[in-house]
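Take a look at the structure set out below.
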Amino acid sequence: MIQIVYSPQWFYGHDMVIEAIGMLVLLILAILNLQYYRLNKNKKNHLWLAISFILLALSFLSKIITNFTIYSDVFLTKSVGNSTFVYQMISQSDTLFDYGFLFYTIFGLIGLYILYELYQKDHPLARIGLTLLLMASAIYFSAFPYIVFNLIAAGLLFLITGHYYNVYKKNKHGPTRVLAISFGILTVSHLMLLFANVQSVLYVVAEVIRLIGYLLLSITIAMVLKDGKKINNGKKKIKN
């Protein structure tokens with residue numbers, strides 16, 4: 001089996017660092033939402049947000065494992081006359097790559113879809129299950145699963161961005177604006193990945209854009225923590 005890698009050889013490993021940063025940010029967001037849920041069990045949205053962020057973090061962990069499988073493979077070089085051909089061979093018995101990509105897409109789509117569904121007025125399980133089944137089928141039976149996954153992910157992120165933008169127009173809250181911008185940037189990164197097979201440098205650009213998106217999410221975390229400290233200090237002053 002010959003695996004096509006969209007990343008330029010000089011960028012090997014750097015994308016795993018970016019995914020690790022994204023995974024860390026998502027895990028921190030999950031922990032924060034779990035803490036909010038423990039304080040107020042009536043706000044189940046925080047629980048579902050935590051679940052979605054955990055799934056997205058697992059998605060990136062799967063991608064890191066997948067990339068590690070690819071990059072750690074042995075390069076075989078054959079010289080034919082004045083031409084040199086470089087092959088990257090992955091053993092057919094090695095299922096780590098296949099399962100890594102599978103869980104990357106499954107965890108990623110479910111996590112994004114939960115984020116999308118959180119802001120819908122109704123949540124019929126039949127519709128949710130059917131939508132997830134259709135998305136999974138579209139990827140599994142597609143001749144280009146990588147492209148289909150990024151297309152669906154970009155669509156979901158675009159809808160999530162639109163939601164946060166509408167919320168920001170109503171409340172003018174700083175963290176909400178940063179969230180809308182960060183999800184918008186993540187949308188652009190997935191759109192760029194659609195064309196990574198045409199020009200490998202677009203993969204690098206997409207990963208850098210993704211890093212910016214996660215750095216903005218980390219800024220959101222800082223803003224939320226800062227607001228939380230202000231609220232706690234205000235409560236202490238009232239008590240005193």
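In the structure tokens, chains take the letters A, B, ... in the order shown, each chain's residues start at 1, and ligands count up from 1 in the order shown.
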Report as a PDB file with N, CA and C atoms, in the first residue's frame all protein, DNA and RNA residues lying within 6 Å of Ser200 (chain A), evaluated on only C-alpha atoms, omitting residues in the same chain fewer than 2 positions from it.
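This is the output file out-v2.pdb:
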```
ATOM      1  N   TYR A   6       0.133  14.611   2.006  1.00  0.00           N
ATOM      2  CA  TYR A   6      -0.010  15.943   1.447  1.00  0.00           C
ATOM      3  C   TYR A   6       1.034  16.914   1.998  1.00  0.00           C
ATOM      4  N   SER A   7       1.588  16.623   3.159  1.00  0.00           N
ATOM      5  CA  SER A   7       2.552  17.517   3.771  1.00  0.00           C
ATOM      6  C   SER A   7       3.904  17.460   3.067  1.00  0.00           C
ATOM      7  N   PRO A   8       4.561  18.633   2.844  1.00  0.00           N
ATOM      8  CA  PRO A   8       5.918  18.609   2.302  1.00  0.00           C
ATOM      9  C   PRO A   8       6.851  17.912   3.293  1.00  0.00           C
ATOM     10  N   ALA A 196      -5.117  20.589  -0.538  1.00  0.00           N
ATOM     11  CA  ALA A 196      -3.753  20.216  -0.173  1.00  0.00           C
ATOM     12  C   ALA A 196      -3.170  19.173  -1.121  1.00  0.00           C
ATOM     13  N   LEU A 202      -0.145  24.211   0.610  1.00  0.00           N
ATOM     14  CA  LEU A 202      -1.431  24.597   1.198  1.00  0.00           C
ATOM     15  C   LEU A 202      -1.697  23.840   2.500  1.00  0.00           C
ATOM     16  N   TYR A 203      -1.133  22.630   2.598  1.00  0.00           N
ATOM     17  CA  TYR A 203      -1.249  21.865   3.844  1.00  0.00           C
ATOM     18  C   TYR A 203      -0.550  22.612   4.975  1.00  0.00           C
TER      19      TYR A 203
END
```
Polymer residues at most 9 Å from Arg38 (chain A), only C-alpha atoms, same-chain spacing of 4 or more positions, as an NGL selection string:
:A and (33-34 or 47)
Å distance separating CA of Ala136 (chain A) from CA of Phe101 (chain A), one decimal place:
12.6 Å
Backbone-only DSSP, helix (DSSP H, G or I) members of region 103-137 of chain A, as a PyMOL selection string
chain A and resi 103-117+125-137
Find the distance between CA of Asn45 (chain A) and CA of Ile160 (chain A) and write it in Å to one decimal.
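The value is 14.7 Å.
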Near region 217-224 of chain A, within 9 Å and counting only C-alpha atoms, which residues show up once chain neighbours fewer than 6 positions away are dropped, as a ChimeraX atom specification?
/A:22,25-26,28-29,32,174-176,178-179,182-183
Write out the residues from the selection above, keeping C-alpha atoms, as a PDB file, in the first residue's frame.
```pdb
ATOM      1  CA  GLY A  22      -4.949  22.163  19.684  1.00  0.00           C
ATOM      2  CA  VAL A  25      -6.547  23.812  24.319  1.00  0.00           C
ATOM      3  CA  LEU A  26      -9.584  21.584  23.748  1.00  0.00           C
ATOM      4  CA  ILE A  28      -8.656  22.813  28.958  1.00  0.00           C
ATOM      5  CA  LEU A  29     -11.969  23.975  27.473  1.00  0.00           C
ATOM      6  CA  LEU A  32     -13.639  24.417  32.326  1.00  0.00           C
ATOM      7  CA  GLY A 174     -15.622  39.931  24.165  1.00  0.00           C
ATOM      8  CA  PRO A 175     -15.069  36.164  24.552  1.00  0.00           C
ATOM      9  CA  THR A 176     -17.986  35.460  22.197  1.00  0.00           C
ATOM     10  CA  VAL A 178     -13.051  35.777  19.907  1.00  0.00           C
ATOM     11  CA  LEU A 179     -14.895  32.445  19.712  1.00  0.00           C
ATOM     12  CA  SER A 182     -11.442  31.416  16.099  1.00  0.00           C
ATOM     13  CA  PHE A 183     -14.089  29.088  14.670  1.00  0.00           C
TER      14      PHE A 183
END
```
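With distances restricted to only C-alpha atoms, A:Leu186 is the closest residue to Leu159 (chain A) from A:Leu56, A:Leu194, A:Val201, A:Leu186.
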Residues within 12 Å of Ser189 (chain A), only C-alpha atoms, excluding chain neighbours under 3 positions, as a short mmCIF file (atom, residue, chain, number, x, y, z; two decimals) with C-alpha atoms, in the first residue's frame:
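Listing of part-v8.cif after writing:
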```cif
data_model
loop_
_atom_site.label_atom_id
_atom_site.label_comp_id
_atom_site.auth_asym_id
_atom_site.auth_seq_id
_atom_site.Cartn_x
_atom_site.Cartn_y
_atom_site.Cartn_z
CA ASN A 150 -12.74 18.33 5.50
CA LEU A 151 -15.72 19.50 3.45
CA ALA A 153 -16.04 19.73 8.92
CA ALA A 154 -15.79 23.11 7.15
CA GLY A 155 -19.59 23.19 6.73
CA LEU A 157 -17.62 25.00 11.53
CA PHE A 158 -19.15 27.61 9.23
CA SER A 182 -11.44 31.42 16.10
CA PHE A 183 -14.09 29.09 14.67
CA GLY A 184 -14.09 31.15 11.47
CA ILE A 185 -10.33 30.68 11.18
CA LEU A 186 -10.70 26.94 11.77
CA MET A 192 -7.52 25.03 2.62
CA LEU A 193 -7.02 21.31 3.33
CA LEU A 194 -9.46 20.53 0.51
CA PHE A 195 -6.81 21.63 -1.97
CA ALA A 196 -3.75 20.22 -0.17
CA LEU A 202 -1.43 24.60 1.20
CA TYR A 203 -1.25 21.86 3.84
CA VAL A 204 1.38 23.91 5.67
CA VAL A 205 -0.69 27.11 5.33
CA ALA A 206 -3.79 25.29 6.61
CA GLU A 207 -1.90 23.94 9.64
CA VAL A 208 -0.51 27.40 10.48
CA ILE A 209 -4.01 28.88 10.17
CA ARG A 210 -5.30 26.10 12.42
CA LEU A 211 -2.61 26.96 14.99
CA ILE A 212 -3.78 30.59 14.96
CA GLY A 213 -7.35 29.38 15.52
CA TYR A 214 -6.36 27.37 18.59
#
```
Show which residues sit within 10 Å of Trp48 (chain A), as JSON, numbers by chain. Count only C-alpha atoms, and ignore same-chain residues fewer than 6 positions away.
{"A": [30, 33, 34, 37, 54, 111, 114, 115, 117, 118]}
Based on the selection just made, write C-alpha atoms of those residues as a short mmCIF file (atom, residue, chain, number, x, y, z; two decimals), in the first residue's frame.
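Ended up saving to selection-v6.cif:
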```
data_model
loop_
_atom_site.label_atom_id
_atom_site.label_comp_id
_atom_site.auth_asym_id
_atom_site.auth_seq_id
_atom_site.Cartn_x
_atom_site.Cartn_y
_atom_site.Cartn_z
CA ALA A 30 -13.50 20.60 28.37
CA ASN A 33 -17.06 23.37 31.06
CA LEU A 34 -17.11 20.36 33.38
CA TYR A 37 -21.54 22.01 35.00
CA ILE A 54 -13.11 15.84 24.55
CA GLY A 111 -17.56 16.55 18.27
CA ILE A 114 -22.56 18.18 18.98
CA LEU A 115 -21.34 21.80 18.96
CA GLU A 117 -26.71 20.72 17.64
CA LEU A 118 -26.32 22.51 20.99
#
```
As a VMD selection string, please: every residue in region 53-208 of chain A that a backbone DSSP assignment puts in strand (DSSP E).
chain A and resid 75 to 80 83 to 88
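Using only C-alpha atoms, the shortest contact distance between Leu24 (chain A) and any of A:Ala180, A:Trp10, A:Asn40, A:Leu215 is found at A:Leu215.
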